[in-house]
Each structure stands twice: as structure tokens, then as C-alpha cells.
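Q: File follows, entry-v5.txt with compact mmCIF, C-alpha atoms:
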# COMPACT_ATOMS: atom_id res chain seq x y z
CA MET A 1 0.00 0.00 0.00
CA ALA A 2 1.42 3.40 -1.02
CA ARG A 3 2.26 5.80 1.77
CA THR A 4 1.81 9.58 1.58
CA SER A 5 4.23 11.86 3.40
CA SER A 6 4.98 15.56 3.42
CA PRO A 7 8.20 16.33 1.53
CA ASN A 8 10.76 18.53 3.16
CA GLY A 9 14.00 20.29 2.25
CA ASP A 10 15.13 19.94 -1.36
CA GLN A 11 12.44 17.33 -2.00
CA ALA A 12 9.80 20.06 -1.68
CA LEU A 13 11.35 22.34 -4.28
CA ILE A 14 10.10 22.57 -7.86
CA ASN A 15 12.39 24.34 -10.35
CA ALA A 16 10.42 27.23 -11.89
CA SER A 17 13.36 29.40 -12.98
CA PRO A 18 13.48 30.41 -16.66
CA THR A 19 16.15 29.20 -19.05
CA LYS A 20 18.45 31.87 -20.47
CA GLU A 21 17.27 31.17 -24.01
CA PHE A 22 13.60 31.54 -23.09
CA PHE A 23 14.32 34.64 -21.00
CA ILE A 24 16.14 36.38 -23.87
CA HIS A 25 13.38 35.45 -26.30
CA MET A 26 10.67 36.89 -24.07
CA LEU A 27 12.74 39.96 -23.21
CA THR A 28 13.31 40.96 -26.84
CA ARG A 29 10.37 39.61 -28.81
CA ASP A 30 8.07 42.64 -28.65
CA ILE A 31 10.41 45.62 -28.91
CA PRO A 32 11.17 47.16 -32.31
CA LEU A 33 14.83 47.58 -33.14
CA THR A 34 14.73 51.38 -33.18
CA ARG A 35 13.09 51.49 -29.77
CA ALA A 36 15.70 49.15 -28.30
CA ILE A 37 18.48 51.44 -29.52
CA LEU A 38 16.71 54.47 -28.04
CA ASP A 39 17.01 52.82 -24.61
CA LEU A 40 20.79 53.23 -24.87
CA VAL A 41 20.38 56.90 -25.74
CA ASP A 42 18.15 57.22 -22.66
CA ASN A 43 21.01 55.91 -20.53
CA SER A 44 23.36 58.53 -21.97
CA VAL A 45 20.82 61.26 -21.28
CA ASP A 46 20.50 60.02 -17.69
CA GLY A 47 24.28 60.29 -17.40
CA ALA A 48 24.13 63.87 -18.64
CA ARG A 49 21.40 64.62 -16.13
CA ARG A 50 23.46 63.08 -13.32
CA ILE A 51 26.46 65.37 -13.95
CA ARG A 52 24.44 68.41 -15.10
CA PRO A 53 21.26 68.39 -12.96
CA ALA A 54 20.45 71.97 -13.99
CA GLY A 55 19.80 70.70 -17.52
CA ASP A 56 22.47 72.60 -19.47
CA TYR A 57 24.12 69.95 -21.69
CA ASP A 58 26.36 72.20 -23.77
CA ARG A 59 29.52 70.31 -24.91
CA LEU A 60 28.05 66.94 -23.93
CA TRP A 61 27.52 64.47 -26.77
CA VAL A 62 26.22 61.05 -27.78
CA ARG A 63 27.67 59.51 -30.94
CA MET A 64 26.19 56.48 -32.63
CA GLU A 65 27.60 54.45 -35.53
CA LEU A 66 26.21 51.37 -37.21
CA ASP A 67 26.75 49.18 -40.25
CA ALA A 68 25.83 45.65 -41.29
CA GLN A 69 28.44 44.10 -38.96
CA HIS A 70 28.71 46.43 -35.99
CA PHE A 71 26.93 48.83 -33.64
CA ARG A 72 28.62 51.43 -31.45
CA ILE A 73 27.36 54.19 -29.14
CA ALA A 74 29.68 56.46 -27.16
CA ASP A 75 29.11 59.43 -24.89
CA ASN A 76 30.99 61.81 -22.59
CA CYS A 77 28.18 61.90 -20.04
CA GLY A 78 29.96 60.89 -16.85
CA GLY A 79 30.23 57.12 -17.14
CA ILE A 80 28.68 54.33 -15.05
CA PRO A 81 29.88 54.12 -11.42
CA VAL A 82 31.38 50.73 -10.56
CA ASP A 83 28.94 50.06 -7.73
CA VAL A 84 26.02 50.79 -10.06
CA ALA A 85 27.46 48.45 -12.69
CA ARG A 86 28.14 45.72 -10.12
CA ASP A 87 24.82 45.81 -8.29
CA TYR A 88 22.22 47.25 -10.65
CA ALA A 89 23.07 48.17 -14.25
CA PHE A 90 23.59 44.61 -15.50
CA ARG A 91 20.80 43.03 -13.47
CA PHE A 92 17.59 41.91 -15.15
CA GLY A 93 15.07 44.19 -13.49
CA ARG A 94 15.46 47.06 -11.07
CA PRO A 95 15.77 46.11 -7.39
CA LYS A 96 13.83 48.21 -4.89
CA GLU A 97 16.99 49.36 -3.14
CA ALA A 98 18.50 50.78 -6.34
CA GLU A 99 19.11 54.52 -6.12
CA GLY A 100 18.53 55.98 -9.57
CA THR A 101 19.25 59.44 -10.88
CA PRO A 102 16.39 61.76 -9.82
CA GLY A 103 14.15 62.36 -12.81
CA SER A 104 15.84 59.66 -14.90
CA MET A 105 14.47 57.96 -18.01
CA GLY A 106 15.81 54.52 -17.09
CA GLN A 107 13.34 53.07 -14.60
CA PHE A 108 12.59 49.44 -15.30
CA GLY A 109 15.99 47.77 -15.29
CA VAL A 110 15.59 46.08 -18.67
CA GLY A 111 16.55 48.58 -21.37
CA MET A 112 20.33 48.20 -21.73
CA LYS A 113 20.40 44.39 -21.40
CA ARG A 114 17.40 43.99 -23.68
CA THR A 115 19.15 46.03 -26.35
CA PHE A 116 22.34 43.94 -26.16
CA PHE A 117 20.38 40.74 -26.74
CA ARG A 118 18.18 42.36 -29.37
CA LEU A 119 21.22 43.37 -31.43
CA GLY A 120 23.79 40.59 -31.35
CA ARG A 121 25.76 37.83 -29.72
CA HIS A 122 28.77 39.76 -28.42
CA PHE A 123 28.89 43.05 -26.55
CA VAL A 124 31.52 45.13 -24.80
CA VAL A 125 30.85 47.97 -22.34
CA ARG A 126 33.71 50.30 -21.41
CA SER A 127 33.00 53.05 -18.92
CA ILE A 128 35.06 55.74 -17.14
CA THR A 129 33.93 57.89 -14.22
CA ARG A 130 35.86 60.43 -12.16
CA GLU A 131 36.98 57.63 -9.78
CA SER A 132 36.97 54.39 -11.79
CA ARG A 133 36.99 52.55 -15.07
CA PHE A 134 35.79 49.10 -16.09
CA THR A 135 35.19 46.81 -19.04
CA VAL A 136 32.51 44.13 -19.36
CA ASP A 137 33.01 41.79 -22.33
CA VAL A 138 30.31 39.16 -22.89
CA ASP A 139 30.09 36.40 -25.46
CA VAL A 140 26.36 35.73 -25.31
CA ASP A 141 26.57 32.21 -26.80
CA LYS A 142 29.15 31.16 -24.19
CA TRP A 143 27.12 32.81 -21.41
CA MET A 144 24.01 30.92 -22.51
CA ALA A 145 25.91 27.61 -22.66
CA ASP A 146 27.53 28.12 -19.25
CA GLY A 147 24.61 26.75 -17.26
CA GLU A 148 21.40 27.87 -15.62
CA SER A 149 22.30 27.96 -11.92
CA PRO A 150 21.85 31.40 -10.29
CA GLU A 151 25.56 32.23 -10.23
CA LYS A 152 25.81 31.41 -13.96
CA TRP A 153 23.50 34.32 -14.78
CA HIS A 154 26.12 36.82 -13.58
CA PHE A 155 28.44 38.83 -15.80
CA LYS A 156 32.03 39.64 -14.82
CA PHE A 157 34.31 42.64 -15.13
CA SER A 158 37.11 41.82 -17.55
CA GLU A 159 38.94 45.00 -16.46
CA LEU A 160 38.43 47.09 -13.31
CA GLU A 161 40.31 50.01 -11.76
CA THR A 162 39.17 52.12 -8.80
CA GLY A 163 40.55 54.97 -6.73
CA LEU A 164 41.38 57.03 -9.83
CA HIS A 165 41.35 60.79 -10.37
CA ILE A 166 39.98 61.50 -13.85
CA LYS A 167 38.86 64.81 -15.31
CA GLU A 168 35.15 65.05 -16.06
CA LYS A 169 35.83 65.78 -19.74
CA ASP A 170 37.48 62.35 -20.03
CA THR A 171 34.56 60.40 -18.56
CA GLY A 172 31.92 58.52 -20.51
CA THR A 173 30.74 55.18 -21.80
CA VAL A 174 31.35 53.20 -24.99
CA ILE A 175 29.12 50.26 -25.95
CA GLU A 176 29.92 48.03 -28.91
CA VAL A 177 27.91 45.09 -30.23
CA ASP A 178 28.95 42.74 -33.02
CA ARG A 179 28.05 39.30 -34.35
CA LEU A 180 24.77 40.99 -35.11
CA LEU A 181 21.60 38.93 -35.50
CA PRO A 182 20.56 38.36 -39.14
CA ASN A 183 17.49 40.62 -38.96
CA VAL A 184 19.63 43.38 -37.42
CA THR A 185 22.24 43.05 -40.16
CA ASP A 186 19.50 43.33 -42.77
CA ALA A 187 17.98 46.39 -41.10
CA PHE A 188 21.31 48.19 -40.65
CA ALA A 189 22.03 47.76 -44.36
CA LEU A 190 18.96 49.83 -45.25
CA GLU A 191 19.23 53.59 -45.60
CA ASN A 192 15.60 54.06 -44.63
CA PHE A 193 16.33 52.37 -41.29
CA ARG A 194 18.83 55.11 -40.46
CA SER A 195 16.30 57.74 -41.48
CA ARG A 196 13.64 56.18 -39.27
CA LEU A 197 16.02 55.85 -36.33
CA ALA A 198 17.12 59.49 -36.69
CA GLU A 199 13.48 60.62 -36.82
CA GLU A 200 12.54 58.63 -33.72
CA MET A 201 15.52 60.02 -31.81
CA SER A 202 14.55 63.53 -32.88
CA HIS A 203 11.05 63.05 -31.52
CA ALA A 204 11.89 61.07 -28.37
CA HIS A 205 14.63 63.45 -27.23
CA ALA A 206 13.32 66.77 -28.52
CA LEU A 207 13.55 68.37 -25.08
CA THR A 208 17.07 67.10 -24.46
CA LEU A 209 18.25 68.25 -27.89
CA GLY A 210 16.79 71.66 -27.07
CA ARG A 211 19.11 71.76 -24.03
CA GLU A 212 22.19 71.44 -26.29
CA LEU A 213 22.99 67.73 -25.94
CA ALA A 214 24.60 66.88 -29.31
CA ILE A 215 23.40 63.52 -30.68
CA THR A 216 24.81 62.20 -33.96
CA LEU A 217 24.16 59.15 -36.11
CA ASP A 218 27.05 58.17 -38.39
CA GLY A 219 28.43 61.67 -37.96
CA LEU A 220 25.20 63.47 -38.89
CA PRO A 221 23.55 65.62 -36.18
CA ILE A 222 20.06 64.74 -34.99
CA LYS A 223 17.88 67.82 -35.28
CA HIS A 224 14.53 68.57 -33.71
CA ASN A 225 11.54 70.84 -34.01
CA PRO A 226 10.68 72.71 -30.80
CA GLN A 227 7.18 72.47 -29.37
CA GLU A 228 5.39 75.69 -30.29
CA LEU A 229 1.95 77.24 -29.93
CA PHE A 230 0.54 80.39 -31.49
CA SER A 231 0.30 83.23 -29.00
CA SER A 232 -0.80 86.87 -29.09
CA GLN A 233 -2.78 89.37 -27.02
CA VAL A 234 -6.03 87.85 -28.29
CA LEU A 235 -5.00 84.23 -28.83
CA LYS A 236 -3.56 82.75 -25.65
CA PRO A 237 -2.68 79.07 -25.15
CA GLY A 238 -4.10 77.29 -22.14
CA PHE A 239 -1.57 76.45 -19.44
CA VAL A 240 -2.08 74.46 -16.23
CA VAL A 241 0.58 73.44 -13.74
CA LYS A 242 -0.15 71.04 -10.88
CA SER A 243 1.62 68.88 -8.34
CA TYR A 244 0.31 65.52 -7.16
CA SER A 245 1.54 63.92 -3.94
CA SER A 246 2.86 60.38 -4.01
CA LYS A 247 0.77 59.63 -0.93
CA THR A 248 -2.42 60.54 -2.81
CA LEU A 249 -1.47 58.52 -5.88
CA THR A 250 -0.12 55.34 -4.29
CA GLY A 251 -0.82 55.53 -0.56
CA LYS A 252 2.94 55.58 0.06
CA SER A 253 5.30 58.41 0.86
CA GLY A 254 7.54 59.58 -1.95
CA PRO A 255 8.39 62.48 -4.23
CA PRO A 256 5.57 64.40 -5.94
CA VAL A 257 4.63 64.27 -9.62
CA ARG A 258 4.75 67.63 -11.34
CA VAL A 259 2.53 68.12 -14.37
CA MET A 260 2.45 70.95 -16.90
CA LEU A 261 -0.26 71.02 -19.56
CA TYR A 262 -0.47 73.28 -22.60
CA ALA A 263 -3.22 73.39 -25.22
CA GLY A 264 -3.66 75.71 -28.17
CA VAL A 265 -3.12 75.99 -31.91
CA SER A 266 -0.10 75.78 -34.18
CA GLU A 267 0.65 75.33 -37.87
CA ARG A 268 -2.14 73.42 -39.60
CA ASN A 269 -0.98 69.84 -40.15
CA LEU A 270 -3.40 66.93 -40.15
CA HIS A 271 -0.79 64.38 -39.05
CA GLU A 272 0.94 66.58 -36.46
CA GLY A 273 -2.22 67.64 -34.65
CA GLY A 274 -3.11 65.96 -31.36
CA TRP A 275 -1.66 65.46 -27.89
CA TYR A 276 2.04 64.97 -27.09
CA LEU A 277 3.06 63.34 -23.79
CA PHE A 278 6.46 63.43 -22.09
CA CYS A 279 7.72 61.61 -19.00
CA ASN A 280 10.88 63.02 -17.40
CA GLY A 281 11.69 64.71 -20.68
CA ARG A 282 11.21 61.59 -22.83
CA GLN A 283 8.43 61.74 -25.42
CA ILE A 284 6.20 58.68 -25.05
CA LEU A 285 3.22 59.70 -27.16
CA ARG A 286 3.25 61.85 -30.27
CA ALA A 287 0.36 63.57 -32.04
CA ASP A 288 -2.17 61.24 -30.44
CA GLN A 289 -5.56 61.44 -32.12
CA THR A 290 -7.27 58.57 -30.31
CA ALA A 291 -9.20 57.78 -27.15
CA THR A 292 -5.87 57.13 -25.41
CA THR A 293 -5.86 60.85 -24.70
CA VAL A 294 -9.06 62.85 -25.22
CA TRP A 295 -10.70 61.98 -28.50
CA GLY A 296 -14.02 60.23 -29.15
CA ASP A 297 -17.28 59.23 -27.53
CA ARG A 298 -15.61 57.54 -24.56
CA HIS A 299 -14.66 61.00 -23.31
CA GLN A 300 -17.80 62.71 -24.63
CA MET A 301 -15.58 64.46 -27.18
CA ARG A 302 -15.56 64.59 -30.95
CA VAL A 303 -13.26 62.29 -32.84
CA TYR A 304 -10.18 63.90 -34.34
CA HIS A 305 -11.16 65.68 -37.57
CA PRO A 306 -9.37 67.72 -40.27
CA ASP A 307 -10.91 70.86 -38.73
CA PHE A 308 -8.72 70.17 -35.68
CA ALA A 309 -5.42 69.97 -37.58
CA TYR A 310 -4.35 73.21 -35.86
CA PHE A 311 -4.71 71.66 -32.41
CA ARG A 312 -1.68 70.89 -30.26
CA GLY A 313 -1.65 69.68 -26.67
CA TYR A 314 1.49 69.06 -24.61
CA ALA A 315 1.57 67.16 -21.32
CA TYR A 316 4.80 67.02 -19.31
CA PHE A 317 4.98 64.57 -16.38
CA ASP A 318 8.07 64.81 -14.16
CA SER A 319 9.07 63.12 -10.94
CA ASP A 320 12.26 62.14 -9.14
CA ASP A 321 10.67 58.68 -8.95
CA GLY A 322 9.94 57.70 -12.54
CA ALA A 323 7.95 54.66 -11.39
CA LEU A 324 5.10 57.07 -10.59
CA LEU A 325 4.85 58.23 -14.21
CA PRO A 326 2.42 56.80 -16.79
CA TRP A 327 4.85 55.21 -19.27
CA THR A 328 5.19 51.65 -20.50
CA THR A 329 8.45 49.70 -20.24
CA THR A 330 9.18 50.37 -23.94
CA LYS A 331 8.40 54.09 -23.46
CA THR A 332 6.25 53.98 -26.58
CA GLY A 333 2.89 54.60 -25.01
CA VAL A 334 0.95 55.62 -21.97
CA ASP A 335 -0.21 53.37 -19.15
CA ALA A 336 -3.87 54.36 -19.11
CA ASP A 337 -4.38 52.62 -15.76
CA SER A 338 -1.74 54.74 -14.05
CA PRO A 339 -3.22 56.72 -11.13
CA ILE A 340 -1.48 59.92 -12.23
CA TYR A 341 -2.70 59.55 -15.80
CA LYS A 342 -6.28 59.03 -14.68
CA ALA A 343 -6.02 62.16 -12.58
CA VAL A 344 -4.54 64.28 -15.38
CA GLN A 345 -6.57 62.99 -18.31
CA GLN A 346 -9.69 64.88 -17.27
CA GLU A 347 -7.65 68.09 -17.12
CA MET A 348 -6.48 67.39 -20.68
CA ILE A 349 -10.06 66.94 -21.82
CA GLU A 350 -11.19 70.19 -20.23
CA MET A 351 -8.26 72.08 -21.79
CA THR A 352 -9.03 70.65 -25.22
CA LYS A 353 -12.68 71.74 -25.30
CA PRO A 354 -12.25 75.53 -25.73
CA VAL A 355 -9.63 75.02 -28.44
CA LEU A 356 -11.95 72.75 -30.41
CA THR A 357 -14.76 75.28 -30.00
CA PHE A 358 -12.46 77.97 -31.42
CA LEU A 359 -11.49 75.77 -34.38
CA THR A 360 -15.09 74.78 -35.09
CA ASN A 361 -16.12 78.45 -35.12
CA LEU A 362 -13.11 79.24 -37.33
CA GLU A 363 -14.37 76.82 -39.98
CA LYS A 364 -17.88 78.28 -39.75
CA GLU A 365 -16.42 81.77 -40.17
CA ARG A 366 -14.49 80.67 -43.26
CA ALA A 367 -17.69 79.27 -44.76
CA THR A 368 -19.34 82.72 -44.70
CA ALA A 369 -18.86 85.64 -47.04
CA ALA A 370 -18.13 88.02 -44.17
CA ALA A 371 -15.51 90.67 -44.93
CA VAL A 372 -14.35 90.77 -41.29
CA ARG A 373 -13.07 87.50 -39.93
CA PRO A 374 -11.73 87.99 -36.39
CA LEU A 375 -10.86 84.32 -35.79
CA GLU A 376 -8.94 84.09 -39.05
CA HIS A 377 -7.14 87.30 -38.13
CA ALA A 378 -6.26 85.87 -34.71
CA ILE A 379 -4.64 82.83 -36.32
CA THR A 380 -2.70 84.71 -38.99
CA THR A 381 -1.33 87.43 -36.69
CA ALA A 382 -0.28 85.23 -33.74
CA ARG A 383 3.37 84.42 -33.20
CA ALA A 384 4.77 80.90 -32.79
CA THR A 385 6.03 80.65 -29.21
CA GLN A 386 7.96 77.83 -27.55
CA VAL A 387 5.71 76.27 -24.96
CA GLN A 388 8.43 76.31 -22.28
CA THR A 389 8.28 80.12 -22.32
CA ILE A 390 4.54 80.17 -21.64
CA THR A 391 4.34 80.46 -17.87
CA GLN A 392 1.08 82.23 -17.09
CA PRO A 393 -1.46 79.66 -15.82
CA HIS A 394 -4.78 79.60 -17.63
CA ALA A 395 -7.55 81.11 -15.54
Re-express the file's structure as C-alpha cells.

A:
Amino acid sequence: MARTSSPNGDQALINASPTKEFFIHMLTRDIPLTRAILDLVDNSVDGARRIRPAGDYDRLWVRMELDAQHFRIADNCGGIPVDVARDYAFRFGRPKEAEGTPGSMGQFGVGMKRTFFRLGRHFVVRSITRESRFTVDVDVDKWMADGESPEKWHFKFSELETGLHIKEKDTGTVIEVDRLLPNVTDAFALENFRSRLAEEMSHAHALTLGRELAITLDGLPIKHNPQELFSSQVLKPGFVVKSYSSKTLTGKSGPPVRVMLYAGVSERNLHEGGWYLFCNGRQILRADQTATTVWGDRHQMRVYHPDFAYFRGYAYFDSDDGALLPWTTTKTGVDADSPIYKAVQQEMIEMTKPVLTFLTNLEKERATAAAVRPLEHAITTARATQVQTITQPHA
């Protein structure tokens, strides 16, 4: 007769840990190549923010090069401290005890590693700070074949020096990836891939580029268009600034979330009209014309229409704790279930309404034979103004 007993010790354990191959597949399967590369640019921007917290990035740079065999990104943005590299930067996920740069773009602990695995099978990271330098050199195939026990998931420094005294101008990080995956090699061989990557960098880092950080791709500078709204004595953009406490949002103590909202009109462009959302300076949503922001019956609003091609809305979410902000892990969209986003979305709707009323009346005015057209005059005589210079809250 079979006997039943309660297992104990190792007999009670069931191995549920992932294999490296499965983990890499799941980590990289859903992120487009351009977005993975942008995660590395985010890290450079965080470095710039760490050494220049006031936001003046003059003479700081990020230089990217790529071809069908090789990818390289280098910066002079302060480097990665050894303790950060040892305990956090190369870990899969962000531990609770990790102390990030206040207001940083890197929040989820997956971006840099995900990009390495998304690009190729060999990567080298060389970094220099004011006090240290290190090199991490990883052959991914050998790492994957080395076993699945917990200690076999670790990377190792191939070079490490501490206790140094290095000038800030000589600090920075260089990342190189080769033995590129076949689909990466194919993409890098296409000129339109470079164009698309440059365009996405221009959009994602428009605010940072406006603060004089020089970003180049194969030696060509990444340019950007500033966020602008028409402004005059009679045509004034809406502006709201608010602060939300962490306690209110999450029930836990922490830094506040600061939000600035702007809504108004700009150059007529059907594809550029809509809402733009930024989290800690990183654009996560561009020219949104869907219910994700304010449009459609779900919000008791009209759907986006050619009459609204003048509309522009800008929402800037900032916090020292980026985990409070409404971005996804790929930074390509908004987390609509985020407490802060739910709180702010209604403000966005209310700010949109008077602008749409103005634009609707503008089209009605244009349909008449009236000699005097005050709304048309307001549009044509207003001056394009950078939104960051608009500081008078809307009554």
C-alpha cells in the first residue's frame, strides 16, 4: 500500500526558474529595433542629467555608428559608477533598493540588457567615471551555454580600476555590439532604417536636444523641431501646472509628480495635430488622435477631424521617482491605468474643449462671405512661441 508523506527540504522544491534562451526570447520579442536602440540613448541622457542636474548639456555628446556588422554608441556623459554596474546596471530588473538618478528615463531595469540581446551575440561595455573605469566583455553564446544555476546568470568585469582621479571631460561610456543577429544586419544595411532611427531620436529626445545635448548618427547631427503654440494678445494658449503627492497617488510616501499642460493651436498639419506626452523629458506619445488621450465618444468628445489639424496639446509629467509616471516599459505609449494619468486625463479633456470650439467656429467663419473674420485674423497674426516660455497659468 502506497504511503503519503509531506516532503521537506530539497524534496519540496520545484524548479520554476526560466532558461536563459527563453528569457532572452521573451525579453526581446516585442520591442522594435529602433526602440531598443533608443534605450541606450536614454542611458546617456541620464548620465548627462546626473552630472548636469540643472539641464544645461552644452559640450556633452552622444555619438552612434552602425553598419551591417557592428553597432557602437559612445558618450561623454559621466560614465557608469562601478557600484552601479556591479549591483544594478547589469541586473535583469530594477531592485527596490536601487538609487537611480532623480528624474531619470531609465526606470525598469531592462533597457540596456534587452538592447544587447536584441542586437547581437557579443557586446563590450567600457566606462570611465571620475573615480573608476571598467570593461565588461560578454560572449552571449558562451554565457548561454555556461549553465542555468543562479551564479551562472552573472556577468564579470574583464577589467576594473578604482581609486582614480579623472577629469570630467574624459569620462563617458562606450558600448559596442557585433556578431549581429541576421534581422539586425538586414535592417542596418537599409538607408531608410537610419532615417527612421534618426526621426525617432529627434522626436523622443526633442527636449534634451533643445538643451544642447549633441546627438549624432554616423556623424550626422540629430535635429529637432521645438514644441510651439501660437500666441498673441487675443490668442492665448491654455496652461495648467499642478503637483500631485505620491501619498495621494499610491498611498505611500515619496516624491511628488509635477505636471504641466499646454493646449492651443499651431501650424495646420493633419498628421501633427493631437496630444504629445512626455515623461521626465522623454516623449512617449506623439500627435495622439485617439481615445488614449481625449478623442471620441468615450470621453464625450468629438473624434479627431481635419478641422482640428491646428490643435496641439502638450503634457509634461516629471518626478524624481519615474515609477510614478504613466509610461510603459518600452516608453512607446501611456499606461492608461496609471493613477497619475487618470487624474490628469480629465484636465487634458477640459483644456481641449475651448480650443476645439475655437477651431469649429473658425471653420464656420471661413464658410461665410463676411468681410471681417476675427478668428482668421487671430490665427494669422499670432506668433509661434515655444511652450516652455509660456508660464502664465490659464484662468

Q: What is the atom CA of A:Thr328-atom CA of A:Ile349 distance in Å, reported with one decimal?

A: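 Computing the Euclidean distance for atom CA of A:Thr328 and atom CA of A:Ile349 yields 21.6 Å.
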
Q: Using only C-alpha atoms, which of the listed residues (A:Asp337, A:Asp307, A:Asp83, A:Asp318) sits closest to A:Phe358?

A: A:Asp307

Q: Could you name the residues that touch A:Ala309 at 7 Å or less, counting only C-alpha atoms, but leaving out those on the same chain fewer than 4 positions away, as a PyMOL selection string?

A: chain A and resi 268-270+273

Q: Pick the closest to A:Thr381 from A:Met64, A:Ser266, A:Ile73, A:Thr173: which is it, counting all atoms listed in the file?

A: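 Nearest to A:Thr381: A:Ser266.
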
Q: Just give me the gap between atom CA of A:Thr290 and atom CA of A:Gly274 in Å, one decimal is fine.

A: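 That distance, rounded to one decimal, is 8.5 Å.
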
Q: Name all residues at most 8 Å from stretch 28-44 of chain A (count all atoms listed in the file; drop same-chain ones fewer than 6 positions away) and give them as a CSV table (one decimal) with C-alpha atoms, in the frame of the given file.

A:
chain,number,residue,atom,x,y,z
A,62,VAL,CA,26.2,61.0,-27.8
A,73,ILE,CA,27.4,54.2,-29.1
A,75,ASP,CA,29.1,59.4,-24.9
A,77,CYS,CA,28.2,61.9,-20.0
A,105,MET,CA,14.5,58.0,-18.0
A,106,GLY,CA,15.8,54.5,-17.1
A,111,GLY,CA,16.6,48.6,-21.4
A,112,MET,CA,20.3,48.2,-21.7
A,114,ARG,CA,17.4,44.0,-23.7
A,115,THR,CA,19.2,46.0,-26.4
A,117,PHE,CA,20.4,40.7,-26.7
A,118,ARG,CA,18.2,42.4,-29.4
A,119,LEU,CA,21.2,43.4,-31.4
A,184,VAL,CA,19.6,43.4,-37.4
A,196,ARG,CA,13.6,56.2,-39.3
A,197,LEU,CA,16.0,55.8,-36.3
A,200,GLU,CA,12.5,58.6,-33.7
A,201,MET,CA,15.5,60.0,-31.8
A,330,THR,CA,9.2,50.4,-23.9
A,332,THR,CA,6.2,54.0,-26.6

Q: If you measure from atom CA of A:Arg211 to atom CA of A:Gly55, what distance in Å do you get, rounded to one decimal?

A: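 So the two atoms, atom CA of A:Arg211 and atom CA of A:Gly55, lie 6.6 Å apart.
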
Q: What are the closest atom pairs, with distances in Å to one decimal, for each residue of stretch 59-159 of chain A lying within 12 Å of stretch 18-25 of chain A, using all atoms listed in the file, rows by chain and rising residue number, as CSV?

A:
residue,atom,partner,partner_atom,distance
A:Phe92,CA,A:Phe23,CA,9.9
A:Val110,CA,A:Ile24,CA,11.0
A:Lys113,CA,A:Ile24,CA,9.4
A:Arg114,CA,A:Ile24,CA,7.7
A:Thr115,CA,A:Ile24,CA,10.4
A:Phe116,CA,A:Ile24,CA,10.0
A:Phe117,CA,A:Ile24,CA,6.7
A:Arg118,CA,A:Ile24,CA,8.4
A:Leu119,CA,A:Ile24,CA,11.5
A:Gly120,CA,A:Ile24,CA,11.5
A:Arg121,CA,A:Ile24,CA,11.4
A:Val140,CA,A:Lys20,CA,10.0
A:Asp141,CA,A:Glu21,CA,9.8
A:Lys142,CA,A:Lys20,CA,11.4
A:Trp143,CA,A:Lys20,CA,8.8
A:Met144,CA,A:Lys20,CA,6.0
A:Ala145,CA,A:Lys20,CA,8.9
A:Asp146,CA,A:Lys20,CA,9.9
A:Gly147,CA,A:Lys20,CA,8.6
A:Glu148,CA,A:Thr19,CA,6.4
A:Ser149,CA,A:Thr19,CA,9.5
A:Pro150,CA,A:Pro18,CA,10.6
A:Lys152,CA,A:Lys20,CA,9.8
A:Trp153,CA,A:Lys20,CA,8.0
A:His154,CA,A:Lys20,CA,11.4

Q: Taking all atoms listed in the file into account, which of A:Arg49, A:Ala287, A:Ser195, A:Gly238 comes nearest A:Glu350?

A: A:Gly238

Q: Pick from A:Pro221, A:Gly210, A:Pro182, A:Pro81: nearest to A:Glu65, with all atoms listed in the file counted?

A: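 Under the stated criterion, the closest residue is A:Pro221.
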
Q: Tell me which of A:Thr293, A:Ser319, A:Arg133, A:His203 sits closest to A:His165, counting only C-alpha atoms.

A: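 Of A:Thr293, A:Ser319, A:Arg133, A:His203, the one nearest A:His165, counting only C-alpha atoms, is A:Arg133.
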
Q: Identify which of the residues A:Ala378, A:Ala187, A:Val125, A:Cys279 lies closest to A:Lys236, counting only C-alpha atoms when measuring atom-to-atom distances.

A: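 Nearest to A:Lys236: A:Ala378.
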
Q: In the coordinates of the file, take the point (27.9, 47.5, -11.9) and a cut-off of 12 Å; then, counting only C-alpha atoms, name each qualifying protein, DNA or RNA residue as number ranges by chain.

A: A: 79-91, 98, 125-127, 132-136, 154-157, 160

Q: Please provide as number ranges by chain all residues within 7 Å of A:Arg383, with the sequence filter that same-chain residues fewer than 6 positions apart are discarded (counting only C-alpha atoms).

A: A: 230-232
